[in-house]
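J.: As input, take my_file_19.cif (mmCIF, C-alpha atoms and all ligand atoms):
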```
data_my_file
loop_
_atom_site.label_atom_id
_atom_site.label_comp_id
_atom_site.auth_asym_id
_atom_site.auth_seq_id
_atom_site.Cartn_x
_atom_site.Cartn_y
_atom_site.Cartn_z
CA MET F 1 15.84 14.28 -65.82
CA ASN F 2 15.59 13.80 -69.59
CA GLN F 3 16.68 17.39 -70.14
CA VAL F 4 19.70 16.89 -67.90
CA ARG F 5 20.54 13.64 -69.70
CA GLN F 6 20.32 15.41 -73.05
CA CYS F 7 22.60 18.22 -71.86
CA VAL F 8 25.11 15.72 -70.54
CA GLU F 9 25.12 13.84 -73.84
CA THR F 10 25.47 17.05 -75.85
CA TYR F 11 28.07 18.88 -73.80
CA GLN F 12 29.96 16.04 -72.06
CA PRO F 13 30.53 18.16 -68.92
CA LYS F 14 33.44 17.67 -66.54
CA PHE F 15 31.29 18.58 -63.58
CA PHE F 16 27.73 19.46 -62.69
CA LEU F 17 27.09 21.99 -59.93
CA LEU F 18 23.91 21.88 -57.94
CA VAL F 19 22.39 23.00 -54.65
CA SER F 20 20.21 19.97 -54.15
CA GLU F 21 18.43 21.05 -50.95
CA PHE F 22 16.47 24.26 -50.37
CA ASN F 23 18.12 25.84 -53.34
CA ASN F 24 19.14 29.47 -53.37
CA PRO F 25 17.21 31.23 -55.00
CA THR F 26 14.32 28.83 -55.75
CA GLY F 27 13.79 27.10 -52.40
CA TYR F 28 13.38 23.83 -54.34
CA SER F 29 14.87 20.49 -53.37
CA ILE F 30 15.32 17.48 -55.59
CA SER F 31 13.92 14.08 -54.59
CA LEU F 32 15.94 11.15 -53.35
CA THR F 33 15.19 9.26 -56.58
CA TYR F 34 16.40 12.21 -58.63
CA LYS F 35 19.61 12.32 -56.60
CA GLN F 36 20.21 8.63 -57.23
CA LYS F 37 19.52 8.99 -60.96
CA LEU F 38 21.85 11.94 -61.23
CA LEU F 39 24.59 9.97 -59.55
CA GLN F 40 24.04 7.06 -61.97
CA LEU F 41 24.32 9.52 -64.83
CA ALA F 42 27.58 10.90 -63.40
CA GLU F 43 28.96 7.39 -63.16
CA ALA F 44 27.85 6.45 -66.67
CA HIS F 45 29.28 9.61 -68.26
CA ASP F 46 32.19 10.00 -65.90
CA PHE F 47 31.64 13.55 -64.66
CA TYR F 48 31.73 14.96 -61.13
CA ILE F 49 28.75 16.25 -59.26
CA LEU F 50 29.70 19.33 -57.24
CA GLU F 51 27.11 19.14 -54.48
CA ASP F 52 26.76 22.43 -52.59
CA ASP F 53 24.80 21.50 -49.47
CA ALA F 54 24.93 24.85 -47.67
CA TYR F 55 21.25 24.81 -46.68
CA ALA F 56 20.57 21.11 -45.99
CA LEU F 57 20.74 21.43 -42.19
CA LEU F 58 18.23 24.30 -42.30
CA SER F 59 15.33 21.89 -42.67
CA TYR F 60 12.07 23.03 -41.04
CA ASP F 61 9.55 20.26 -41.58
CA GLU F 62 11.54 17.03 -41.51
CA PRO F 63 15.00 15.83 -40.51
CA PRO F 64 17.70 16.87 -43.00
CA PRO F 65 17.63 14.68 -46.12
CA PRO F 66 20.55 12.47 -47.21
CA SER F 67 23.06 14.06 -49.56
CA ILE F 68 24.09 12.65 -52.93
CA LYS F 69 27.52 12.20 -51.38
CA SER F 70 26.07 9.67 -48.97
CA PHE F 71 25.40 7.30 -51.92
CA ASP F 72 28.70 7.97 -53.65
CA ARG F 73 30.43 4.59 -53.79
CA HIS F 74 32.54 5.33 -56.86
CA GLU F 75 33.96 8.75 -56.00
CA HIS F 76 31.95 10.95 -58.34
CA VAL F 77 30.77 13.58 -55.86
CA ILE F 78 32.64 16.62 -54.59
CA TYR F 79 30.70 17.68 -51.53
CA VAL F 80 30.96 21.25 -50.22
CA ASN F 81 29.30 22.86 -47.26
CA SER F 82 29.59 26.13 -45.34
CA PHE F 83 29.16 27.34 -41.77
CA SER F 84 28.03 30.76 -43.02
CA LYS F 85 24.36 29.81 -43.24
CA ILE F 86 23.99 27.58 -40.20
CA LEU F 87 26.15 29.49 -37.73
CA LEU F 88 27.40 32.96 -38.61
CA PRO F 89 26.67 34.90 -41.78
CA GLY F 90 29.92 36.02 -43.35
CA LEU F 91 32.01 33.47 -41.45
CA ARG F 92 33.05 32.07 -44.82
CA ILE F 93 34.50 28.87 -43.48
CA GLY F 94 33.39 25.68 -45.09
CA TYR F 95 34.52 22.16 -45.75
CA VAL F 96 34.82 19.81 -48.65
CA ILE F 97 34.65 16.02 -48.96
CA LEU F 98 36.62 15.05 -52.02
CA PRO F 99 36.91 11.98 -54.20
CA LEU F 100 40.25 10.36 -53.35
CA GLN F 101 41.71 10.99 -56.78
CA LEU F 102 41.22 14.79 -56.44
CA ARG F 103 42.64 15.29 -52.97
CA GLU F 104 46.27 16.06 -53.71
CA GLN F 105 45.54 18.43 -56.53
CA PHE F 106 42.86 20.18 -54.50
CA LEU F 107 45.14 20.67 -51.50
CA ALA F 108 47.92 22.06 -53.68
CA ASN F 109 45.52 24.51 -55.33
CA ARG F 110 43.99 25.44 -52.00
CA ARG F 111 47.41 26.31 -50.57
CA ALA F 112 48.26 28.30 -53.68
CA ILE F 113 45.19 30.50 -53.26
CA ASP F 114 45.75 31.95 -49.80
CA ALA F 115 48.31 29.75 -48.05
CA CYS F 116 46.22 28.77 -45.04
CA GLY F 117 42.78 30.39 -44.75
CA GLN F 118 42.01 32.25 -41.51
CA PRO F 119 43.77 30.41 -38.66
CA LEU F 120 42.22 32.36 -35.78
CA THR F 121 38.58 32.03 -36.86
CA GLU F 122 39.12 28.43 -37.96
CA ARG F 123 40.48 27.59 -34.50
CA ALA F 124 37.63 29.41 -32.78
CA LEU F 125 35.14 27.50 -34.93
CA ALA F 126 36.89 24.19 -34.22
CA SER F 127 36.70 24.72 -30.46
CA TYR F 128 33.03 25.68 -30.73
CA LEU F 129 32.30 22.52 -32.72
CA ARG F 130 34.10 20.41 -30.11
CA THR F 131 31.65 21.64 -27.44
CA GLY F 132 28.87 19.81 -29.32
CA ARG F 133 26.60 22.86 -29.06
CA LEU F 134 25.95 23.17 -32.79
CA LYS F 135 23.05 20.69 -32.58
CA ASP F 136 21.20 22.76 -29.98
CA HIS F 137 21.95 25.93 -31.88
CA LEU F 138 20.46 24.45 -35.04
CA LYS F 139 17.36 23.31 -33.22
CA ARG F 140 16.81 26.82 -31.91
CA ALA F 141 17.69 28.56 -35.16
CA ASN F 142 15.49 26.26 -37.23
CA GLY F 143 12.57 27.04 -34.91
CA VAL F 144 13.08 30.77 -35.54
CA TYR F 145 13.48 30.34 -39.31
CA ARG F 146 10.43 28.06 -39.48
CA GLN F 147 8.29 30.85 -37.98
CA ARG F 148 9.71 33.34 -40.48
CA ARG F 149 9.10 30.97 -43.40
CA ASP F 150 5.53 30.42 -42.19
CA ALA F 151 4.97 34.17 -41.83
CA LEU F 152 6.18 34.73 -45.39
CA MET F 153 3.96 31.98 -46.80
CA GLN F 154 0.91 33.30 -44.96
CA ALA F 155 1.55 36.91 -45.99
CA LEU F 156 2.05 35.95 -49.65
CA ALA F 157 -1.22 34.02 -49.57
CA ASP F 158 -3.04 36.91 -47.89
CA TYR F 159 -1.72 39.82 -49.94
CA MET F 160 -0.36 38.87 -53.35
CA PRO F 161 -2.61 39.68 -56.31
CA PRO F 162 -3.95 36.90 -58.56
CA GLY F 163 -1.44 35.45 -61.01
CA VAL F 164 1.57 35.81 -58.70
CA THR F 165 2.94 32.41 -57.67
CA TRP F 166 5.71 31.32 -55.29
CA THR F 167 7.55 28.28 -54.02
CA HIS F 168 6.97 26.74 -50.57
CA PRO F 169 10.47 26.00 -49.24
CA ALA F 170 10.76 23.23 -46.65
CA GLY F 171 14.08 24.74 -45.56
CA GLY F 172 16.75 27.26 -46.46
CA PHE F 173 16.18 30.99 -46.73
CA SER F 174 14.37 31.79 -49.97
CA SER F 175 11.12 31.66 -51.83
CA TRP F 176 11.04 32.22 -55.59
CA VAL F 177 8.14 34.45 -56.49
CA LYS F 178 6.94 34.63 -60.10
CA LEU F 179 5.10 37.55 -61.66
CA PRO F 180 2.45 36.94 -64.30
CA GLU F 181 3.93 39.72 -66.48
CA ASP F 182 7.42 41.01 -67.14
CA LYS F 183 7.26 44.08 -64.89
CA LEU F 184 10.22 43.16 -62.75
CA ILE F 185 12.39 46.23 -63.33
CA GLU F 186 9.60 48.71 -62.59
CA ILE F 187 8.59 46.76 -59.49
CA TYR F 188 12.19 46.51 -58.32
CA GLN F 189 12.73 50.27 -58.66
CA ALA F 190 9.47 51.15 -56.92
CA SER F 191 10.26 48.69 -54.11
CA LEU F 192 13.70 50.19 -53.52
CA GLU F 193 12.12 53.65 -53.34
CA ALA F 194 9.75 52.30 -50.69
CA GLY F 195 12.71 50.86 -48.74
CA ILE F 196 12.08 47.24 -49.67
CA GLY F 197 14.96 45.19 -51.03
CA PHE F 198 14.84 41.86 -52.84
CA THR F 199 17.05 40.21 -55.44
CA PRO F 200 15.61 40.24 -58.97
CA GLY F 201 15.68 36.79 -60.59
CA LYS F 202 17.80 38.09 -63.46
CA GLY F 203 20.84 37.96 -61.19
CA PHE F 204 20.53 34.18 -61.00
CA CYS F 205 19.81 33.38 -64.65
CA VAL F 206 22.51 33.22 -67.29
CA TYR F 207 20.39 32.66 -70.37
CA GLU F 208 16.73 33.06 -69.54
CA LYS F 209 14.75 36.22 -68.98
CA SER F 210 13.36 36.05 -65.48
CA ARG F 211 10.10 37.31 -64.04
CA HIS F 212 11.12 36.20 -60.56
CA LEU F 213 11.87 37.87 -57.26
CA ARG F 214 13.93 36.08 -54.67
CA LEU F 215 12.40 36.81 -51.29
CA SER F 216 14.62 35.90 -48.35
CA PHE F 217 13.00 35.39 -44.98
CA SER F 218 16.02 34.79 -42.74
CA MET F 219 16.54 38.31 -41.36
CA GLN F 220 13.26 39.83 -40.23
CA PRO F 221 10.87 38.72 -37.48
CA PRO F 222 7.42 37.46 -38.55
CA GLY F 223 5.54 40.74 -37.97
CA GLU F 224 7.99 42.69 -40.09
CA ILE F 225 7.89 40.09 -42.85
CA ARG F 226 4.12 40.39 -42.97
CA GLU F 227 4.22 44.18 -43.25
CA ILE F 228 6.94 44.13 -45.92
CA VAL F 229 4.98 41.63 -48.01
CA ARG F 230 1.84 43.73 -47.63
CA LEU F 231 3.66 46.78 -49.02
CA LEU F 232 5.39 44.80 -51.73
CA ALA F 233 2.08 43.28 -52.80
CA LEU F 234 0.62 46.80 -53.16
CA ILE F 235 3.52 47.81 -55.39
CA ILE F 236 3.16 44.66 -57.49
CA ARG F 237 -0.57 45.19 -57.79
CA GLU F 238 -0.01 48.77 -58.99
CA HIS F 239 2.34 47.61 -61.73
CA LEU F 240 0.38 44.68 -63.08
CA THR F 241 -2.02 45.46 -65.88
CA GLY F 242 -5.60 45.61 -64.75
CA GLN F 243 -4.85 45.36 -61.04
CA THR F 244 -5.96 48.24 -58.88
CA SER F 245 -4.45 49.01 -55.53
CA HIS F 246 -6.41 48.68 -52.30
CA ALA F 247 -3.93 50.64 -50.23
CA SER F 248 -4.71 51.17 -46.59
C1 LIG R 301 24.31 27.67 -52.10
C2 LIG R 301 25.34 28.54 -51.44
N1 LIG R 301 26.55 28.04 -51.18
C3 LIG R 301 27.51 28.80 -50.58
C4 LIG R 301 27.26 30.11 -50.23
C5 LIG R 301 28.33 30.96 -49.61
O1 LIG R 301 28.99 30.31 -48.59
P1 LIG R 301 30.26 31.04 -47.91
O2 LIG R 301 29.77 32.19 -47.12
O3 LIG R 301 30.89 29.97 -47.05
O4 LIG R 301 31.18 31.47 -49.02
C6 LIG R 301 26.01 30.67 -50.51
C7 LIG R 301 25.77 32.07 -50.15
O5 LIG R 301 24.82 32.71 -50.42
C8 LIG R 301 25.03 29.86 -51.11
O6 LIG R 301 23.81 30.36 -51.38
#
```
What does the file become when written as C-alpha cells?
Ligand SMILES: Cc1ncc(COP(=O)(O)O)c(C=O)c1O
T.:
Amino acid sequence: MNQVRQCVETYQPKFFLLVSEFNNPTGYSISLTYKQKLLQLAEAHDFYILEDDAYALLSYDEPPPPSIKSFDRHEHVIYVNSFSKILLPGLRIGYVILPLQLREQFLANRRAIDACGQPLTERALASYLRTGRLKDHLKRANGVYRQRRDALMQALADYMPPGVTWTHPAGGFSSWVKLPEDKLIEIYQASLEAGIGFTPGKGFCVYEKSRHLRLSFSMQPPGEIREIVRLLALIIREHLTGQTSHAS
C-alpha cells in the first residue's frame, strides 16, 4: 500500500486501473482491507479507480467477494465487467457502473465509437439473462474450472523442478509461474516446438523484466492439463542450469 501511496503522491493520477479479483495474469486478489484503503486513497487524492471485475464471479473456494464499487459512497469507482469470461469467450459484451458525474460524457463517447454495439447479440444475451439461468450456469462452470485449477496445482507440485514457484488462484483462469533463472525465451521457444503454448510474462509487464509464465487452465480437461505440465516441466528442467531431465 505504501508503494501505491507514494506513486499516487508522485504522479497525481487521474485514474488507477486494477483487476482486484483473480487477476489476469497473476491469479492474485487483493484483500477487503486493501480495497477499502485504496478507495480512501482515491477519495483523498480525488482520482478514479477503474475496477475491472471480469473474473470475480469465477470464484472456486468461497462465494464471490465484494467489489470496491460496493463501498463507493462518493462516486470514485468506475466498475466494468464482461460476459466473455463467465458465459461465452469472445462475446465481448460487458457493462459499466459509472459515477454519476461521468455518465453523460461516457454515453456520448460510447455512441461516437460504434453507434450502438451489437444489437442482435445484446438482445440474445438480455433474453438469456432474463431466464435467470446464469446462476446455474456459473455453478456448473465453476465446478469444472475448480477441477482444472486443482489439476494444474497438483501437476505443478508433482512435476516442476526445485526453484520454480507459482501462485494458487482461488478463482479466475491463470496461475503465474516464476522461473528461478531468466531462461524464459529459450523455454518459450522449446515449448512451442513441443506444441505447448503459454503467454510469457513479458507481455504483461511494461517496465520490468519478467521471468514468469502465465499458465491458463480454463480450456483443457484435468488429464490433459496434467500431461501438458509434465512435458513443460521437462522442458523447464532441461533449460535450468544444473537440472537434468528425467524424461519418461
Ligand atoms: C481482466 C480482463 N478484463 C477484460 C477482458 C476482456 O473482456 P472482453 O472480452 O469483454 O473485451 C479480459 C480478457 O482477457 C481480461 O483479462
J.: Which is closer to ligand LIG 301 (chain R) than all the others in F:Ile97, F:Val177, F:Leu192, F:Val19, using only C-alpha atoms and all ligand atoms?
T.: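 Looking at the shortest contact to ligand LIG 301 (chain R), the residue is F:Val19.
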J.: Within 7 Å of region 146-157 of chain F, counting only C-alpha atoms, which residues qualify if same-chain residues fewer than 2 places away don't, as a PyMOL selection string?
T.: chain F and resi 60+142-144+159-160+217-218+221-222+225-226+229
J.: Please identify the residues whose atoms come within 9 Å of ligand LIG 301 (chain R), using all atoms listed in the file, and report them as a ChimeraX atom specification.
T.: /F:18-25,52-55,80-85,88-95,173
J.: Choose the residue, out of F:Val8, F:Ala190, F:Ile185, F:Leu32, that has the smallest atom-to-atom separation from Lys202 (chain F); count all atoms listed in the file.
T.: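 Using all atoms listed in the file, the shortest distance to Lys202 (chain F) belongs to F:Ile185.
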J.: Go ahead and compute the interatomic distance for CA of Pro162 (chain F) and CA of Ile236 (chain F), in Å to one decimal.
T.: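 CA of Ile236 (chain F) lies 10.6 Å from CA of Pro162 (chain F).
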J.: What is the distance, in Å and to one decimal place, between CA of Lys183 (chain F) and CA of Phe204 (chain F)?
T.: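 Between CA of Lys183 (chain F) and CA of Phe204 (chain F) the gap works out to 17.0 Å.
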J.: Could you list as number ranges by chain every residue that has an atom within 12 Å of (24.8, 7.6, -65.9), using the file's coordinates and counting all atoms listed in the file?
T.: F: 1-2, 4-6, 8-9, 12, 35-49, 76
J.: Could you take the residues named above and write them with C-alpha atoms, as a tab-separated table (two decimals), in the coordinates of the input?
T.:
```tsv
chain	number	residue	atom	x	y	z
F	1	MET	CA	15.84	14.28	-65.82
F	2	ASN	CA	15.59	13.80	-69.59
F	4	VAL	CA	19.70	16.89	-67.90
F	5	ARG	CA	20.54	13.64	-69.70
F	6	GLN	CA	20.32	15.41	-73.05
F	8	VAL	CA	25.11	15.72	-70.54
F	9	GLU	CA	25.12	13.84	-73.84
F	12	GLN	CA	29.96	16.04	-72.06
F	35	LYS	CA	19.61	12.32	-56.60
F	36	GLN	CA	20.21	8.63	-57.23
F	37	LYS	CA	19.52	8.99	-60.96
F	38	LEU	CA	21.85	11.94	-61.23
F	39	LEU	CA	24.59	9.97	-59.55
F	40	GLN	CA	24.04	7.06	-61.97
F	41	LEU	CA	24.32	9.52	-64.83
F	42	ALA	CA	27.58	10.90	-63.40
F	43	GLU	CA	28.96	7.39	-63.16
F	44	ALA	CA	27.85	6.45	-66.67
F	45	HIS	CA	29.28	9.61	-68.26
F	46	ASP	CA	32.19	10.00	-65.90
F	47	PHE	CA	31.64	13.55	-64.66
F	48	TYR	CA	31.73	14.96	-61.13
F	49	ILE	CA	28.75	16.25	-59.26
F	76	HIS	CA	31.95	10.95	-58.34
```
J.: Grab the CA of Ser67 (chain F) to CA of Phe106 (chain F) distance for me, in Å with one decimal place.
T.: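 One can read the CA of Ser67 (chain F) to CA of Phe106 (chain F) distance as 21.3 Å.
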J.: Go through F:Glu224, F:Asp158, F:Glu186, F:Asp136 and flag the residue nearest His239 (chain F), using only C-alpha atoms for the distances.
T.: F:Glu186
J.: Centre and edge lengths, as JSON, for the axis-aligned box enclosing every listed atom of region 194-210 of chain F with 8 Å of padding on each of the six sides, in Å to one decimal?
T.:
```
{"center_x": 16.1, "center_y": 42.5, "center_z": -59.6, "size_x": 28.8, "size_y": 35.6, "size_z": 37.6}
```
J.: Counting all atoms listed in the file, note down every residue that has an atom within 9 Å of the point (7.6, 49.8, -54.0) (file coordinates), as a PyMOL selection string.
T.: chain F and resi 186-196+231-236
J.: For a quick check of understanding, using only C-alpha atoms, which of F:Phe71, F:Tyr145, F:Tyr34, F:Phe16 has the smallest distance to Leu50 (chain F)?
T.: F:Phe16
J.: Rebuild region 31-59 of chain F so that it carries N, CA and C atoms, then output the result as an mmCIF file, in the coordinates of the input.
T.:
```cif
data_model
loop_
_atom_site.group_PDB
_atom_site.id
_atom_site.type_symbol
_atom_site.label_atom_id
_atom_site.label_comp_id
_atom_site.auth_asym_id
_atom_site.auth_seq_id
_atom_site.Cartn_x
_atom_site.Cartn_y
_atom_site.Cartn_z
ATOM 1 N N SER F 31 14.312 15.276 -55.344
ATOM 2 C CA SER F 31 13.920 14.080 -54.590
ATOM 3 C C SER F 31 15.103 13.126 -54.450
ATOM 4 N N LEU F 32 14.925 12.167 -53.559
ATOM 5 C CA LEU F 32 15.940 11.150 -53.350
ATOM 6 C C LEU F 32 16.177 10.352 -54.642
ATOM 7 N N THR F 33 15.077 10.017 -55.328
ATOM 8 C CA THR F 33 15.190 9.260 -56.580
ATOM 9 C C THR F 33 15.982 10.071 -57.603
ATOM 10 N N TYR F 34 15.692 11.348 -57.675
ATOM 11 C CA TYR F 34 16.400 12.210 -58.630
ATOM 12 C C TYR F 34 17.896 12.233 -58.302
ATOM 13 N N LYS F 35 18.188 12.301 -57.003
ATOM 14 C CA LYS F 35 19.610 12.320 -56.600
ATOM 15 C C LYS F 35 20.289 11.036 -57.052
ATOM 16 N N GLN F 36 19.590 9.910 -56.859
ATOM 17 C CA GLN F 36 20.210 8.630 -57.230
ATOM 18 C C GLN F 36 20.402 8.539 -58.745
ATOM 19 N N LYS F 37 19.408 9.028 -59.494
ATOM 20 C CA LYS F 37 19.520 8.990 -60.960
ATOM 21 C C LYS F 37 20.655 9.877 -61.461
ATOM 22 N N LEU F 38 20.780 11.019 -60.827
ATOM 23 C CA LEU F 38 21.850 11.940 -61.230
ATOM 24 C C LEU F 38 23.219 11.310 -60.985
ATOM 25 N N LEU F 39 23.321 10.624 -59.855
ATOM 26 C CA LEU F 39 24.590 9.970 -59.550
ATOM 27 C C LEU F 39 24.878 8.856 -60.578
ATOM 28 N N GLN F 40 23.844 8.099 -60.945
ATOM 29 C CA GLN F 40 24.040 7.060 -61.970
ATOM 30 C C GLN F 40 24.517 7.679 -63.282
ATOM 31 N N LEU F 41 23.933 8.827 -63.599
ATOM 32 C CA LEU F 41 24.320 9.520 -64.830
ATOM 33 C C LEU F 41 25.794 9.964 -64.761
ATOM 34 N N ALA F 42 26.184 10.471 -63.583
ATOM 35 C CA ALA F 42 27.580 10.900 -63.400
ATOM 36 C C ALA F 42 28.529 9.715 -63.564
ATOM 37 N N GLU F 43 28.110 8.571 -63.041
ATOM 38 C CA GLU F 43 28.960 7.390 -63.160
ATOM 39 C C GLU F 43 29.040 6.919 -64.620
ATOM 40 N N ALA F 44 27.882 6.938 -65.287
ATOM 41 C CA ALA F 44 27.850 6.450 -66.670
ATOM 42 C C ALA F 44 28.643 7.360 -67.606
ATOM 43 N N HIS F 45 28.602 8.661 -67.353
ATOM 44 C CA HIS F 45 29.280 9.610 -68.260
ATOM 45 C C HIS F 45 30.559 10.170 -67.676
ATOM 46 N N ASP F 46 30.937 9.649 -66.544
ATOM 47 C CA ASP F 46 32.190 10.000 -65.900
ATOM 48 C C ASP F 46 32.393 11.516 -65.723
ATOM 49 N N PHE F 47 31.428 12.152 -65.063
ATOM 50 C CA PHE F 47 31.640 13.550 -64.660
ATOM 51 C C PHE F 47 31.450 13.648 -63.150
ATOM 52 N N TYR F 48 31.906 14.755 -62.574
ATOM 53 C CA TYR F 48 31.730 14.960 -61.130
ATOM 54 C C TYR F 48 30.466 15.755 -60.857
ATOM 55 N N ILE F 49 29.821 15.393 -59.766
ATOM 56 C CA ILE F 49 28.750 16.250 -59.260
ATOM 57 C C ILE F 49 29.373 17.105 -58.165
ATOM 58 N N LEU F 50 29.241 18.429 -58.304
ATOM 59 C CA LEU F 50 29.700 19.330 -57.240
ATOM 60 C C LEU F 50 28.467 19.674 -56.426
ATOM 61 N N GLU F 51 28.330 19.013 -55.290
ATOM 62 C CA GLU F 51 27.110 19.140 -54.480
ATOM 63 C C GLU F 51 27.323 20.205 -53.406
ATOM 64 N N ASP F 52 26.676 21.352 -53.569
ATOM 65 C CA ASP F 52 26.760 22.430 -52.590
ATOM 66 C C ASP F 52 25.568 22.271 -51.640
ATOM 67 N N ASP F 53 25.860 21.880 -50.404
ATOM 68 C CA ASP F 53 24.800 21.500 -49.470
ATOM 69 C C ASP F 53 24.610 22.543 -48.361
ATOM 70 N N ALA F 54 24.872 23.805 -48.692
ATOM 71 C CA ALA F 54 24.930 24.850 -47.670
ATOM 72 C C ALA F 54 23.656 25.016 -46.838
ATOM 73 N N TYR F 55 22.512 24.581 -47.396
ATOM 74 C CA TYR F 55 21.250 24.810 -46.680
ATOM 75 C C TYR F 55 20.635 23.556 -46.087
ATOM 76 N N ALA F 56 21.236 22.385 -46.332
ATOM 77 C CA ALA F 56 20.570 21.110 -45.990
ATOM 78 C C ALA F 56 20.205 21.008 -44.506
ATOM 79 N N LEU F 57 21.041 21.562 -43.629
ATOM 80 C CA LEU F 57 20.740 21.430 -42.190
ATOM 81 C C LEU F 57 19.668 22.421 -41.739
ATOM 82 N N LEU F 58 19.301 23.347 -42.622
ATOM 83 C CA LEU F 58 18.230 24.300 -42.300
ATOM 84 C C LEU F 58 16.911 23.729 -42.821
ATOM 85 N N SER F 59 16.502 22.631 -42.198
ATOM 86 C CA SER F 59 15.330 21.890 -42.670
ATOM 87 C C SER F 59 14.227 22.041 -41.627
#
```
